[in-house]
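Enquirer: Encoded as structure tokens, here's the structure I'll be asking about.
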Amino acid sequence: MDDQAPTRTPVPECVRTRADQVLTHLTTRRARDALVRAAVTEAGYEVAETVTA
């Protein structure tokens with residue numbers, strides 16, 4: 001039996017670059033969505049304070 005792991009084919013640079021672009025886009029989108037959620041929550045608190053005042 002052969003105990004060696006199979007050799008891995010190198011990933012082409014264009015595939016790695018595209019994967020990096022997608023990951024960056026998703027990370028940026030998540031961060032932006034978190035900011036929007038925070039702003040909406042804050043606005044909701046301000047409206048609630050105004051209504052109850």
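Every chain in the structure tokens has a letter given in the order shown (A, B, ...), and although residue numbers restart at 1 in each chain, ligands are simply numbered from 1 in the order shown.
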Which residues in chain A does DSSP call helix (DSSP H, G or I)? List them as an MDAnalysis selection string.
Expert: chainID A and resid 13:52
Enquirer: At what distance in Å, to one decimal, does atom CA of A:Arg32 lie from atom CA of A:Ala19?
Expert: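 Atom-to-atom, atom CA of A:Ala19 and atom CA of A:Arg32 are spaced 19.9 Å apart.
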